[in-house]
Structure formats: C-alpha cells, structure tokens
$ cat input.cif   # mmCIF, C-alpha atoms
data_protein
loop_
_atom_site.label_atom_id
_atom_site.label_comp_id
_atom_site.auth_asym_id
_atom_site.auth_seq_id
_atom_site.Cartn_x
_atom_site.Cartn_y
_atom_site.Cartn_z
CA MET E 920 111.20 92.12 118.40
CA ARG E 921 109.17 93.76 115.69
CA ARG E 922 108.64 97.44 116.28
CA LEU E 923 106.68 100.07 114.49
CA VAL E 924 108.76 102.52 112.50
CA ALA E 925 107.96 106.11 113.47
CA ALA E 926 105.17 107.71 111.49
CA CYS E 927 105.96 110.45 109.02
CA LEU E 928 104.28 113.52 110.43
CA THR E 929 105.93 115.97 108.06
CA ALA E 930 106.87 115.73 104.43
CA THR E 931 110.58 115.96 105.13
CA VAL E 932 111.16 113.58 108.04
CA LEU E 933 112.31 110.52 106.10
CA THR E 934 113.30 109.92 102.52
CA GLY E 935 111.10 106.82 102.44
CA CYS E 936 108.09 108.88 103.53
CA GLY E 937 108.98 112.10 101.77
CA GLY E 938 106.35 114.22 100.16
CA VAL E 939 106.49 116.63 97.24
CA GLY E 940 104.32 119.40 95.90
CA ALA E 941 101.54 118.54 93.49
CA ASP E 942 103.61 119.65 90.50
CA ASP E 943 106.97 118.22 91.60
CA PRO E 944 107.80 114.76 90.20
CA LEU E 945 109.05 112.00 92.45
CA GLN E 946 112.07 110.07 91.27
CA VAL E 947 111.44 106.76 89.58
CA THR E 948 112.77 103.77 91.48
CA ASP E 949 116.40 102.88 90.80
CA THR E 950 115.53 99.61 89.07
CA LEU E 951 113.13 101.28 86.61
CA THR E 952 110.85 98.28 87.10
CA ALA E 953 107.89 97.76 89.38
CA ALA E 954 108.34 95.38 92.29
CA GLU E 955 107.27 91.79 91.67
CA PRO E 956 106.26 88.92 93.95
CA ALA E 957 109.03 86.58 94.98
CA ARG E 958 109.39 83.31 93.14
CA ALA E 959 107.85 81.01 95.71
CA PRO E 960 109.52 77.78 96.79
CA ASP E 961 107.70 74.48 96.71
CA ALA E 962 105.10 74.37 99.48
CA SER E 963 106.68 72.77 102.54
CA ALA E 964 103.50 72.58 104.62
CA ARG E 965 99.97 71.51 103.86
CA PRO E 966 97.84 74.58 103.07
CA ALA E 967 95.39 75.53 105.80
CA GLY E 968 91.67 75.23 105.19
CA THR E 969 90.47 73.69 101.95
CA VAL E 970 91.85 73.90 98.42
CA VAL E 971 89.82 73.54 95.25
CA PRO E 972 91.38 72.96 91.82
CA ALA E 973 91.81 76.06 89.67
CA PRO E 974 94.07 77.20 86.85
CA PRO E 975 96.88 79.68 87.54
CA THR E 976 95.30 82.82 88.97
CA ALA E 977 96.99 86.19 89.25
CA VAL E 978 94.12 88.46 90.33
CA THR E 979 90.96 88.00 92.41
CA ALA E 980 88.08 90.07 93.76
CA PHE E 981 85.12 89.46 96.05
CA LEU E 982 81.61 90.81 95.41
CA PRO E 983 79.96 90.95 98.86
CA GLY E 984 76.37 91.54 97.76
CA ALA E 985 76.32 88.48 95.53
CA SER E 986 78.74 86.35 97.59
CA ILE E 987 80.80 85.76 94.46
CA LEU E 988 84.54 85.19 94.19
CA ALA E 989 85.95 86.36 90.87
CA THR E 990 89.24 85.01 89.56
CA ALA E 991 91.08 85.53 86.29
CA HIS E 992 93.13 83.11 84.21
CA GLU E 993 94.39 84.57 80.96
CA ARG E 994 91.27 85.90 79.18
CA THR E 995 88.77 83.98 81.33
CA VAL E 996 87.07 85.47 84.37
CA SER E 997 85.48 82.81 86.59
CA LEU E 998 82.61 83.75 88.92
CA TYR E 999 82.38 81.28 91.81
CA ASP E 1000 79.63 80.90 94.37
CA ALA E 1001 81.76 81.65 97.43
CA ARG E 1002 79.57 79.40 99.57
CA ASP E 1003 80.53 76.37 97.48
CA LEU E 1004 83.65 76.79 95.35
CA ARG E 1005 83.32 73.22 94.08
CA ARG E 1006 80.34 74.21 91.97
CA ALA E 1007 81.28 74.99 88.40
CA PRO E 1008 81.75 78.76 88.04
CA ARG E 1009 80.10 81.01 85.51
CA GLN E 1010 82.82 81.96 83.03
CA VAL E 1011 83.17 85.20 81.12
CA GLU E 1012 85.53 85.39 78.14
CA LEU E 1013 87.23 88.75 77.61
CA PRO E 1014 89.18 90.11 74.64
CA ALA E 1015 92.39 90.20 76.74
CA ALA E 1016 93.70 89.18 80.15
CA PRO E 1017 92.73 91.54 82.99
CA ALA E 1018 95.46 93.20 85.03
CA THR E 1019 93.04 93.85 87.90
CA LEU E 1020 89.54 92.93 89.03
CA ARG E 1021 87.55 95.42 91.13
CA ALA E 1022 84.11 95.19 92.73
CA THR E 1023 81.98 98.34 92.46
CA PRO E 1024 79.51 99.66 95.05
CA ASP E 1025 76.61 98.72 92.78
CA GLY E 1026 77.68 95.08 92.64
CA LYS E 1027 79.42 95.00 89.27
CA LEU E 1028 82.94 93.81 88.46
CA LEU E 1029 85.52 95.91 86.62
CA ALA E 1030 88.26 94.19 84.61
CA ALA E 1031 91.03 96.41 83.23
CA GLN E 1032 92.57 94.84 80.09
CA PRO E 1033 95.78 96.63 79.09
CA ASP E 1034 96.41 94.59 75.95
CA ALA E 1035 92.99 95.46 74.51
CA ASP E 1036 92.64 99.08 75.71
CA LEU E 1037 89.39 98.03 77.36
CA VAL E 1038 87.69 98.01 80.75
CA ALA E 1039 84.94 95.43 81.10
CA ARG E 1040 81.98 96.08 83.38
CA ILE E 1041 80.68 92.61 84.21
CA ASP E 1042 77.23 91.85 85.62
CA PRO E 1043 77.79 88.82 87.89
CA ALA E 1044 74.11 87.86 87.76
CA THR E 1045 74.13 87.34 83.99
CA GLY E 1046 77.78 87.21 82.98
CA ALA E 1047 77.19 90.04 80.51
CA ALA E 1048 80.28 92.18 79.95
CA GLU E 1049 80.03 95.76 78.72
CA GLN E 1050 83.33 96.76 77.12
CA LEU E 1051 84.46 100.36 77.61
CA ARG E 1052 87.34 101.67 75.49
CA TYR E 1053 90.23 103.43 77.24
CA PRO E 1054 93.21 103.85 74.88
CA GLY E 1055 96.54 103.81 76.72
CA ARG E 1056 96.78 100.35 78.35
CA PRO E 1057 94.39 100.49 81.32
CA LEU E 1058 95.96 98.95 84.42
CA ASP E 1059 93.18 99.49 86.95
CA ALA E 1060 89.70 100.94 87.17
CA ALA E 1061 87.67 102.19 90.12
CA ALA E 1062 84.22 103.66 90.63
CA VAL E 1063 84.27 107.35 91.60
CA PRO E 1064 81.49 109.94 91.81
CA GLY E 1065 80.21 110.47 88.29
CA GLY E 1066 81.64 107.35 86.67
CA LEU E 1067 84.96 105.54 86.42
CA ALA E 1068 88.59 106.41 86.99
CA VAL E 1069 91.08 104.42 84.92
CA GLY E 1070 94.86 104.30 85.30
CA LEU E 1071 96.59 104.31 81.90
CA GLU E 1072 100.14 103.00 81.60
CA ALA E 1073 101.00 104.21 78.09
CA THR E 1074 100.02 107.82 78.75
CA GLY E 1075 101.02 107.96 82.42
CA SER E 1076 97.64 109.40 83.29
CA VAL E 1077 94.35 108.69 85.04
CA ALA E 1078 91.20 109.11 82.94
CA LEU E 1079 88.31 110.61 84.91
CA PRO E 1080 84.59 111.16 84.34
CA GLY E 1081 83.63 113.95 81.98
CA GLY E 1082 86.77 113.62 79.87
CA LYS E 1083 89.06 115.02 82.56
CA GLN E 1084 92.42 113.51 83.37
CA ALA E 1085 95.29 113.67 85.81
CA THR E 1086 98.73 113.39 84.26
CA GLY E 1087 102.36 113.01 85.29
CA PHE E 1088 102.37 109.41 86.52
CA LYS E 1089 104.84 106.67 85.58
CA ARG E 1090 102.72 103.57 86.21
CA PRO E 1091 99.32 104.26 87.83
CA ALA E 1092 98.77 100.64 88.79
CA GLN E 1093 96.27 100.81 91.68
CA LEU E 1094 93.38 103.23 92.28
CA VAL E 1095 91.75 103.57 95.71
CA GLU E 1096 88.78 105.85 96.38
CA VAL E 1097 88.54 107.23 99.94
CA GLY E 1098 86.26 110.01 101.10
CA GLY E 1099 85.58 111.33 97.61
CA ARG E 1100 89.29 111.50 96.70
CA LEU E 1101 91.03 109.08 94.40
CA HIS E 1102 94.43 107.83 95.58
CA VAL E 1103 96.80 106.63 92.89
CA LEU E 1104 99.50 104.11 93.72
CA ASP E 1105 102.29 104.57 91.18
CA ALA E 1106 104.27 101.33 91.05
CA LEU E 1107 107.34 102.92 89.41
CA GLU E 1108 107.54 106.04 91.54
CA THR E 1109 106.33 103.83 94.43
CA SER E 1110 104.23 106.76 95.59
CA LEU E 1111 100.68 107.59 96.62
CA THR E 1112 99.00 110.66 95.09
CA PRO E 1113 95.52 112.00 95.94
CA ILE E 1114 93.55 113.56 93.10
CA ASP E 1115 90.15 115.22 92.91
CA PRO E 1116 88.12 113.02 90.52
CA ALA E 1117 85.86 115.96 89.66
CA THR E 1118 88.67 118.20 88.39
CA GLY E 1119 91.78 116.04 87.98
CA GLU E 1120 93.68 118.31 90.36
CA LYS E 1121 96.59 116.50 92.03
CA GLU E 1122 97.49 116.99 95.66
CA PRO E 1123 101.01 116.52 97.11
CA ALA E 1124 102.27 112.94 96.85
CA LEU E 1125 104.01 110.78 99.42
CA ARG E 1126 106.61 108.09 98.88
CA ALA E 1127 105.21 104.60 99.54
CA GLY E 1128 108.24 102.58 100.63
CA THR E 1129 110.71 101.28 98.06
CA GLY E 1130 108.47 99.03 95.99
CA ALA E 1131 104.76 99.26 96.79
CA THR E 1132 102.52 96.98 94.73
CA ARG E 1133 99.02 96.71 96.24
CA ALA E 1134 96.68 99.08 98.06
CA VAL E 1135 93.21 98.97 99.64
CA ALA E 1136 91.04 101.30 101.72
CA ASP E 1137 90.01 100.50 105.29
CA ARG E 1138 87.03 101.70 107.32
CA TYR E 1139 89.10 104.40 109.01
CA ASP E 1140 89.52 106.21 105.66
CA ARG E 1141 93.12 105.07 105.44
CA VAL E 1142 94.97 103.55 102.51
CA LEU E 1143 96.78 100.34 103.39
CA SER E 1144 99.58 99.25 101.08
CA VAL E 1145 102.16 96.50 100.89
CA ASP E 1146 105.73 97.44 100.04
CA THR E 1147 106.90 94.24 98.38
CA ARG E 1148 110.48 95.32 97.83
CA GLY E 1149 110.83 96.98 101.24
CA GLN E 1150 108.85 94.19 102.98
CA GLU E 1151 106.50 96.40 104.96
CA LEU E 1152 102.82 97.07 105.57
CA LEU E 1153 102.11 100.79 105.22
CA ALA E 1154 99.13 102.80 106.48
CA PHE E 1155 98.31 106.30 105.22
CA ALA E 1156 95.80 108.67 106.76
CA THR E 1157 94.09 110.54 103.92
CA ASP E 1158 92.81 113.84 105.35
CA PRO E 1159 95.50 115.07 104.97
CA LEU E 1160 97.71 112.43 103.40
CA ILE E 1161 100.19 111.32 106.05
CA MET E 1162 102.05 108.05 106.46
CA LYS E 1163 100.97 106.84 109.90
CA GLN E 1164 102.48 103.37 110.10
CA ARG E 1165 105.33 101.30 108.65
CA PHE E 1166 105.41 97.74 109.94
CA PRO E 1167 107.96 95.07 108.94
CA VAL E 1168 106.50 92.12 107.01
CA PRO E 1169 109.33 89.79 105.93
CA GLY E 1170 108.63 87.35 103.11
CA ALA E 1171 107.94 89.47 100.01
CA PRO E 1172 104.37 90.57 100.82
CA TYR E 1173 102.22 90.87 97.72
CA GLY E 1174 98.54 89.88 97.93
CA LEU E 1175 96.43 92.21 100.09
CA ALA E 1176 92.81 92.10 101.25
CA TYR E 1177 90.98 93.94 104.02
CA ASP E 1178 88.12 92.67 106.20
CA PRO E 1179 86.20 95.73 107.51
CA ALA E 1180 84.05 93.65 109.86
CA ARG E 1181 87.09 92.40 111.79
CA ASP E 1182 89.66 95.11 111.03
CA LEU E 1183 92.00 92.52 109.56
CA ALA E 1184 94.50 93.18 106.80
CA TRP E 1185 95.35 89.90 105.11
CA VAL E 1186 98.76 89.77 103.44
CA THR E 1187 100.23 86.93 101.38
CA LEU E 1188 103.95 86.22 101.64
CA THR E 1189 105.22 84.95 98.31
CA ALA E 1190 108.71 84.06 99.56
CA SER E 1191 107.37 81.64 102.19
CA ASN E 1192 103.91 80.58 100.95
CA GLU E 1193 102.09 82.06 103.94
CA LEU E 1194 99.02 84.15 104.72
CA VAL E 1195 99.23 86.56 107.65
CA GLY E 1196 96.33 88.41 109.25
CA TYR E 1197 97.07 91.73 110.98
CA ASP E 1198 94.69 93.50 113.32
CA VAL E 1199 94.95 97.11 112.11
CA ALA E 1200 92.49 98.74 114.51
CA GLY E 1201 95.16 99.91 116.97
CA GLY E 1202 98.20 102.13 116.90
CA GLU E 1203 100.26 99.55 115.04
CA PRO E 1204 99.46 96.32 113.18
CA ARG E 1205 99.28 93.24 115.38
CA GLU E 1206 99.75 89.76 113.92
CA VAL E 1207 96.83 87.53 114.91
CA HIS E 1208 96.86 84.80 112.24
CA ARG E 1209 99.56 83.02 110.24
CA VAL E 1210 98.86 79.96 108.09
CA PRO E 1211 100.54 78.07 105.22
CA THR E 1212 99.15 78.60 101.74
CA VAL E 1213 99.14 77.14 98.28
CA ARG E 1214 102.32 77.78 96.31
CA GLN E 1215 102.83 81.26 94.87
CA PRO E 1216 99.98 83.07 96.68
CA ASN E 1217 99.92 86.19 94.53
CA SER E 1218 96.37 87.30 95.29
CA ALA E 1219 93.84 87.29 98.10
CA ALA E 1220 90.23 88.33 98.68
CA VAL E 1221 88.01 88.27 101.76
CA ASP E 1222 84.30 87.79 102.47
CA PRO E 1223 83.47 90.33 105.21
CA ALA E 1224 80.23 88.51 106.06
CA THR E 1225 81.94 85.26 107.06
CA GLY E 1226 85.59 86.28 107.46
CA ALA E 1227 86.63 83.64 104.92
CA VAL E 1228 89.83 84.45 103.05
CA PHE E 1229 90.44 83.23 99.50
CA VAL E 1230 94.03 82.78 98.36
CA ALA E 1231 94.78 82.01 94.72
CA SER E 1232 97.89 80.32 93.39
CA ALA E 1233 99.58 81.84 90.36
CA THR E 1234 101.11 78.46 89.49
CA GLY E 1235 97.90 76.44 89.32
CA ALA E 1236 97.99 74.95 92.84
CA GLY E 1237 94.35 75.94 93.33
CA VAL E 1238 92.22 78.38 95.29
CA GLN E 1239 92.46 78.07 99.05
CA VAL E 1240 89.70 78.97 101.50
CA VAL E 1241 90.70 79.83 105.06
CA THR E 1242 88.15 80.62 107.76
CA PRO E 1243 89.87 81.96 110.88
#
$ encode --input "input.cif" --output "structure tokens"
Amino acid sequence: MRRLVAACLTATVLTGCGGVGADDPLQVTDTLTAAEPARAPDASARPAGTVVPAPPTAVTAFLPGASILATAHERTVSLYDARDLRRAPRQVELPAAPATLRATPDGKLLAAQPDADLVARIDPATGAAEQLRYPGRPLDAAAVPGGLAVGLEATGSVALPGGKQATGFKRPAQLVEVGGRLHVLDALETSLTPIDPATGEKEPALRAGTGATRAVADRYDRVLSVDTRGQELLAFATDPLIMKQRFPVPGAPYGLAYDPARDLAWVTLTASNELVGYDVAGGEPREVHRVPTVRQPNSAAVDPATGAVFVASATGAGVQVVTP
C-alpha cells in the first residue's frame, strides 16, 4: 500500500528534506549529472485518446488565453491550435534548440536557448520572435515582477530584472514564480531555493529528493516537483519553504503538468509509457487516472479550460491528446 512519507517540518528532520542557510551550499549529487528520463521500452498498449503525427518533441507548453499548444523539435517551435491538432501548426524557427518553453501571464511564449545564449519571446498570434541575449547558457526563463528571470548554466546564476543576479547555483534548470518569490530548482544540487527577484537575495534552500527534474506551481502557492531518480512526487509549501509531501511514483516520473481547475498533477512515467493523474487537493496525492501513452513521454501540458492533457513523444511517436 502506498503511503505518504512524513512531511519535513524542520530543516533537520531528514537528509532528503534537509535545509541549509542562504549562504551554505548544498552538496552536488553523487553522480555529478542531472537526473534523466528512463529509456522507455516499446509501447505495449495502445495509447489512450488520440495521437497526431509529430517529430520528436522534448519540451511543450500550453498558452491558455490563445488555446495554443507549443512544442519544440530541434530549432523549430510549432504552435498548434489545441482544438484541432491536425491543422498545420504555425512554425517559428529559432537560432538554437530551446531547453524549455514557458507561457507568460501576458500570453507570450519564452524559449530559453542555451546554445545561442538567447531567450526568445514569441508572440503566438504572429509568430514573431524577439531575441533577448543572456550570455551563460540560459536553461529556463520565467516572468517575474519587473521583467524576466533567467537561469544560466555556465555562470551558475539567475539573471534578474535591473541587472541583478542570484549566484551560487550548480544548474538552475527550472524557475517557478510563486507569490512574488522565484523558486529555483537546481538539477545538480537537486534542491529548491527561493530568491527575491527584486534584490537577488537568496533564502534558505531545501533538498528536493535525490534527482528532481521538473517543477510547477499550483493554486495553493505550492511548488510541485517530480524526483525522477528518487521516483517521487514532492510538494513544497512556500511561505515559508517547507516540504509538505513526498509520495512514491514508480516508473521514472519526468513530464509534469498541473491543471488548476481540477487540482490534478499530471505525471508521465518514462519507464512504463504511462500518464498518471494525481488529485493534489487533499493531505496527500491520490491517483485518479492512469492511461498508456506514446513511447518516451518526456513532456506534458494541460488545457485547464477543457482538462485535455497533451503528451509528446521524444522519439517521434506523435503528440497524444487525453481528455479524462
């Protein structure tokens, strides 16, 4: 029987949940490499829902206001009408492949391109892409009060509006804004660190499992994260930062999307080609959906208006649409 692991209510209860002061570094993971999705087996079951042809896709995002699904294949970002994925998408060519795609509150799309030291701000209505230079291999970008925050791999820092920065990271791979604070998921330290985007001041960090890879915010001002190496779904309260939940998720969880209308965290399992939906409104996650997916489901996005979940294959098996 699956059981919730006790929440970390202090910074010293568990090594896996341990916290440190703002100026104290966390140890880098033993492998010195970020966790990766499992190499998926051949699909043994027919994927649920419908599947439309698409090239290998590693990252996706959903733009709710425009009902657009964005996917990336190498240097090409495809903008699909989410109501009819069979229609030819608008395509935007970038100087380099994006590591992440992020929707902004004003309806734009951010594409961090580490190999070009650029962050593209794409207008989905026109396909125009404004290129912003961020030297240091940008891994992710997020909208914060006053502008953008950008995680930079080469400098181990987060660039902030007004020329400020927060330093001392190993691989600031995911940025999540909650309640005016920016939360940085470091994929090498496998930690979560809040910073003030106005000043760059870091607050005490918490360990995020043994190999966290993805993070999103939910409507309860929590940060949800998947620990791919430790095979868990983690939930952090953010005021103050406390790990509230650790829930076992076998199968090398990797893709993560959150539906605020239904309080569902959607997690893809790369070791078993599955998509699992967890109700996260209660005291512990509760599995309510489990369906087979396309092979190598490395990314997921959700339309909160309809509840449709989009799962993209990193091997070219297509984009899958599941409506619970």
$ resolve_selection --input "input.cif" --expression "the PyMOL selection byres ((chain E and resi 1035) around 10)" --output "mmCIF file with C-alpha atoms, in the frame of the given file"
data_model
loop_
_atom_site.group_PDB
_atom_site.id
_atom_site.type_symbol
_atom_site.label_atom_id
_atom_site.label_comp_id
_atom_site.auth_asym_id
_atom_site.auth_seq_id
_atom_site.Cartn_x
_atom_site.Cartn_y
_atom_site.Cartn_z
ATOM 1 C CA LEU E 1013 87.230 88.750 77.610
ATOM 2 C CA PRO E 1014 89.180 90.110 74.640
ATOM 3 C CA ALA E 1015 92.390 90.200 76.740
ATOM 4 C CA ALA E 1016 93.700 89.180 80.150
ATOM 5 C CA PRO E 1017 92.730 91.540 82.990
ATOM 6 C CA ALA E 1031 91.030 96.410 83.230
ATOM 7 C CA GLN E 1032 92.570 94.840 80.090
ATOM 8 C CA PRO E 1033 95.780 96.630 79.090
ATOM 9 C CA ASP E 1034 96.410 94.590 75.950
ATOM 10 C CA ASP E 1036 92.640 99.080 75.710
ATOM 11 C CA LEU E 1037 89.390 98.030 77.360
ATOM 12 C CA VAL E 1038 87.690 98.010 80.750
ATOM 13 C CA ARG E 1052 87.340 101.670 75.490
ATOM 14 C CA TYR E 1053 90.230 103.430 77.240
ATOM 15 C CA PRO E 1054 93.210 103.850 74.880
ATOM 16 C CA GLY E 1055 96.540 103.810 76.720
ATOM 17 C CA ARG E 1056 96.780 100.350 78.350
ATOM 18 C CA PRO E 1057 94.390 100.490 81.320
#
$ residues_around --input "input.cif" --residues "Asp1146 of chain E" --least-positions-apart "4" --cutoff "8 Å" --atoms "only C-alpha atoms" --output "list in words"
Ala1127, Gly1128, Thr1129, Gly1130, Ala1131, Thr1132, Arg1133, Gln1150, Glu1151, Leu1152, Leu1153, Pro1172 and Tyr1173 of chain E
$ resolve_selection --input "input.cif" --expression "the PyMOL selection byres ((chain E and resi 991) around 10)" --output "JSON, numbers by chain"
{"E": [974, 975, 976, 977, 978, 979, 980, 989, 990, 992, 993, 994, 995, 996, 997, 998, 1010, 1011, 1012, 1016, 1017, 1018, 1019, 1020, 1030, 1231]}
$ residues_near_point --input "input.cif" --point "(103.5, 84.0, 105.9)" --cutoff "10 Å" --atoms "all atoms listed in the file" --output "list in words"
Val1168, Pro1169, Gly1170, Ala1171, Pro1172, Val1186, Thr1187, Leu1188, Thr1189, Ala1190, Ser1191, Asn1192, Glu1193, Leu1194, Val1195, Gly1196, His1208, Arg1209, Val1210, Pro1211, Thr1212 and Pro1216 of chain E
$ residues_around --input "input.cif" --residues "Gly1066 of chain E" --least-positions-apart "2" --cutoff "10 Å" --atoms "all atoms listed in the file" --output "VMD selection string"
chain E and resid 1061 to 1064 1068 1079 to 1081 1116
$ resolve_selection --input "input.cif" --expression "the PyMOL selection byres ((chain E and resi 1176) around 10)" --output "PDB file with C-alpha atoms, keeping the file's coordinate frame"
ATOM      1  CA  THR E 979      90.960  88.000  92.410  1.00  0.00           C
ATOM      2  CA  ALA E 980      88.080  90.070  93.760  1.00  0.00           C
ATOM      3  CA  PHE E 981      85.120  89.460  96.050  1.00  0.00           C
ATOM      4  CA  ARG E1133      99.020  96.710  96.240  1.00  0.00           C
ATOM      5  CA  ALA E1134      96.680  99.080  98.060  1.00  0.00           C
ATOM      6  CA  VAL E1135      93.210  98.970  99.640  1.00  0.00           C
ATOM      7  CA  ALA E1136      91.040 101.300 101.720  1.00  0.00           C
ATOM      8  CA  ASP E1137      90.010 100.500 105.290  1.00  0.00           C
ATOM      9  CA  LEU E1143      96.780 100.340 103.390  1.00  0.00           C
ATOM     10  CA  SER E1144      99.580  99.250 101.080  1.00  0.00           C
ATOM     11  CA  GLY E1174      98.540  89.880  97.930  1.00  0.00           C
ATOM     12  CA  LEU E1175      96.430  92.210 100.090  1.00  0.00           C
ATOM     13  CA  TYR E1177      90.980  93.940 104.020  1.00  0.00           C
ATOM     14  CA  ASP E1178      88.120  92.670 106.200  1.00  0.00           C
ATOM     15  CA  PRO E1179      86.200  95.730 107.510  1.00  0.00           C
ATOM     16  CA  LEU E1183      92.000  92.520 109.560  1.00  0.00           C
ATOM     17  CA  ALA E1184      94.500  93.180 106.800  1.00  0.00           C
ATOM     18  CA  TRP E1185      95.350  89.900 105.110  1.00  0.00           C
ATOM     19  CA  VAL E1186      98.760  89.770 103.440  1.00  0.00           C
ATOM     20  CA  THR E1187     100.230  86.930 101.380  1.00  0.00           C
ATOM     21  CA  GLY E1196      96.330  88.410 109.250  1.00  0.00           C
ATOM     22  CA  SER E1218      96.370  87.300  95.290  1.00  0.00           C
ATOM     23  CA  ALA E1219      93.840  87.290  98.100  1.00  0.00           C
ATOM     24  CA  ALA E1220      90.230  88.330  98.680  1.00  0.00           C
ATOM     25  CA  VAL E1221      88.010  88.270 101.760  1.00  0.00           C
ATOM     26  CA  ASP E1222      84.300  87.790 102.470  1.00  0.00           C
ATOM     27  CA  VAL E1228      89.830  84.450 103.050  1.00  0.00           C
ATOM     28  CA  PHE E1229      90.440  83.230  99.500  1.00  0.00           C
ATOM     29  CA  VAL E1230      94.030  82.780  98.360  1.00  0.00           C
TER      30      VAL E1230
END
$ atom_distance --input "input.cif" --atom1 "atom CA of Ser1110 of chain E" --atom2 "atom CA of Asp1059 of chain E"
15.8 Å
$ residues_near_point --input "input.cif" --point "(95.6, 75.9, 90.8)" --cutoff "8 Å" --atoms "all atoms listed in the file" --output "JSON list (two decimals) with C-alpha atoms, in the frame of the given file"
[["chain", "number", "residue", "atom", "x", "y", "z"],
["E", 971, "VAL", "CA", 89.82, 73.54, 95.25],
["E", 972, "PRO", "CA", 91.38, 72.96, 91.82],
["E", 973, "ALA", "CA", 91.81, 76.06, 89.67],
["E", 974, "PRO", "CA", 94.07, 77.20, 86.85],
["E", 975, "PRO", "CA", 96.88, 79.68, 87.54],
["E", 976, "THR", "CA", 95.30, 82.82, 88.97],
["E", 1231, "ALA", "CA", 94.78, 82.01, 94.72],
["E", 1232, "SER", "CA", 97.89, 80.32, 93.39],
["E", 1233, "ALA", "CA", 99.58, 81.84, 90.36],
["E", 1234, "THR", "CA", 101.11, 78.46, 89.49],
["E", 1235, "GLY", "CA", 97.90, 76.44, 89.32],
["E", 1236, "ALA", "CA", 97.99, 74.95, 92.84],
["E", 1237, "GLY", "CA", 94.35, 75.94, 93.33],
["E", 1238, "VAL", "CA", 92.22, 78.38, 95.29]]
$ closest_residue --input "input.cif" --among "E:Ala1044, E:Asp961, E:Ser986, E:Asp1182" --to "Val1199 of chain E" --atoms "all atoms listed in the file"
E:Asp1182
$ axis_aligned_box --input "input.cif" --around "segment 972-975 of chain E" --padding-each-side "6 Å" --output "lines of an AutoDock Vina configuration file"
center_x = 94.1
center_y = 76.3
center_z = 89.3
size_x = 17.5
size_y = 18.7
size_z = 17.0
$ closest_residue --input "input.cif" --among "E:Thr1225, E:Thr1157, E:Ser1076, E:Gln1215" --to "Pro966 of chain E" --atoms "only C-alpha atoms"
E:Gln1215
$ closest_residue --input "input.cif" --among "E:Ala1117, E:Leu1058, E:Leu1067, E:Val1145" --to "Gln1093 of chain E" --atoms "all atoms listed in the file"
E:Leu1058
$ atom_distance --input "input.cif" --atom1 "atom CA of Pro1113 of chain E" --atom2 "atom CA of Arg1100 of chain E"
6.3 Å
$ atom_distance --input "input.cif" --atom1 "atom CA of Asp1158 of chain E" --atom2 "atom CA of Lys1121 of chain E"
14.1 Å
$ closest_residue --input "input.cif" --among "E:Pro1008, E:Gly1075, E:Gly1226, E:Pro1167" --to "Glu1206 of chain E" --atoms "only C-alpha atoms"
E:Pro1167
$ decode --input "input.cif" --residues "segment 1171-1183 of chain E" --atoms "N, CA, C and O atoms" --output "PDB file, in the first residue's frame"
ATOM      1  N   ALA E1171      10.046   6.113 -13.113  1.00  0.00           N
ATOM      2  CA  ALA E1171      10.867   7.217 -13.621  1.00  0.00           C
ATOM      3  C   ALA E1171      10.004   8.391 -14.070  1.00  0.00           C
ATOM      4  O   ALA E1171       9.933   8.729 -15.252  1.00  0.00           O
ATOM      5  N   PRO E1172       9.318   9.056 -13.120  1.00  0.00           N
ATOM      6  CA  PRO E1172       8.487  10.211 -13.478  1.00  0.00           C
ATOM      7  C   PRO E1172       9.342  11.332 -14.066  1.00  0.00           C
ATOM      8  O   PRO E1172      10.439  11.589 -13.587  1.00  0.00           O
ATOM      9  N   TYR E1173       8.809  11.995 -15.085  1.00  0.00           N
ATOM     10  CA  TYR E1173       9.610  13.047 -15.723  1.00  0.00           C
ATOM     11  C   TYR E1173       8.748  14.228 -16.176  1.00  0.00           C
ATOM     12  O   TYR E1173       8.913  15.338 -15.700  1.00  0.00           O
ATOM     13  N   GLY E1174       7.827  14.018 -17.107  1.00  0.00           N
ATOM     14  CA  GLY E1174       6.964  15.115 -17.526  1.00  0.00           C
ATOM     15  C   GLY E1174       5.997  15.493 -16.418  1.00  0.00           C
ATOM     16  O   GLY E1174       5.501  14.640 -15.690  1.00  0.00           O
ATOM     17  N   LEU E1175       5.707  16.800 -16.278  1.00  0.00           N
ATOM     18  CA  LEU E1175       4.843  17.276 -15.206  1.00  0.00           C
ATOM     19  C   LEU E1175       4.017  18.449 -15.696  1.00  0.00           C
ATOM     20  O   LEU E1175       4.539  19.392 -16.287  1.00  0.00           O
ATOM     21  N   ALA E1176       2.708  18.382 -15.461  1.00  0.00           N
ATOM     22  CA  ALA E1176       1.803  19.487 -15.784  1.00  0.00           C
ATOM     23  C   ALA E1176       0.733  19.560 -14.706  1.00  0.00           C
ATOM     24  O   ALA E1176       0.358  18.538 -14.128  1.00  0.00           O
ATOM     25  N   TYR E1177       0.227  20.761 -14.451  1.00  0.00           N
ATOM     26  CA  TYR E1177      -0.764  20.949 -13.388  1.00  0.00           C
ATOM     27  C   TYR E1177      -2.011  21.613 -13.956  1.00  0.00           C
ATOM     28  O   TYR E1177      -1.927  22.598 -14.694  1.00  0.00           O
ATOM     29  N   ASP E1178      -3.172  21.048 -13.603  1.00  0.00           N
ATOM     30  CA  ASP E1178      -4.475  21.572 -14.007  1.00  0.00           C
ATOM     31  C   ASP E1178      -5.104  22.260 -12.799  1.00  0.00           C
ATOM     32  O   ASP E1178      -5.604  21.597 -11.892  1.00  0.00           O
ATOM     33  N   PRO E1179      -5.096  23.606 -12.746  1.00  0.00           N
ATOM     34  CA  PRO E1179      -5.618  24.304 -11.569  1.00  0.00           C
ATOM     35  C   PRO E1179      -7.129  24.210 -11.436  1.00  0.00           C
ATOM     36  O   PRO E1179      -7.662  24.376 -10.330  1.00  0.00           O
ATOM     37  N   ALA E1180      -7.836  23.959 -12.530  1.00  0.00           N
ATOM     38  CA  ALA E1180      -9.293  23.879 -12.468  1.00  0.00           C
ATOM     39  C   ALA E1180      -9.758  22.593 -11.796  1.00  0.00           C
ATOM     40  O   ALA E1180     -10.853  22.539 -11.232  1.00  0.00           O
ATOM     41  N   ARG E1181      -8.932  21.555 -11.856  1.00  0.00           N
ATOM     42  CA  ARG E1181      -9.319  20.245 -11.325  1.00  0.00           C
ATOM     43  C   ARG E1181      -8.365  19.745 -10.251  1.00  0.00           C
ATOM     44  O   ARG E1181      -8.515  18.635  -9.771  1.00  0.00           O
ATOM     45  N   ASP E1182      -7.383  20.538  -9.906  1.00  0.00           N
ATOM     46  CA  ASP E1182      -6.373  20.180  -8.902  1.00  0.00           C
ATOM     47  C   ASP E1182      -5.712  18.849  -9.233  1.00  0.00           C
ATOM     48  O   ASP E1182      -5.513  17.995  -8.366  1.00  0.00           O
ATOM     49  N   LEU E1183      -5.356  18.684 -10.496  1.00  0.00           N
ATOM     50  CA  LEU E1183      -4.712  17.462 -10.939  1.00  0.00           C
ATOM     51  C   LEU E1183      -3.266  17.736 -11.338  1.00  0.00           C
ATOM     52  O   LEU E1183      -2.986  18.654 -12.120  1.00  0.00           O
TER      53      LEU E1183
END
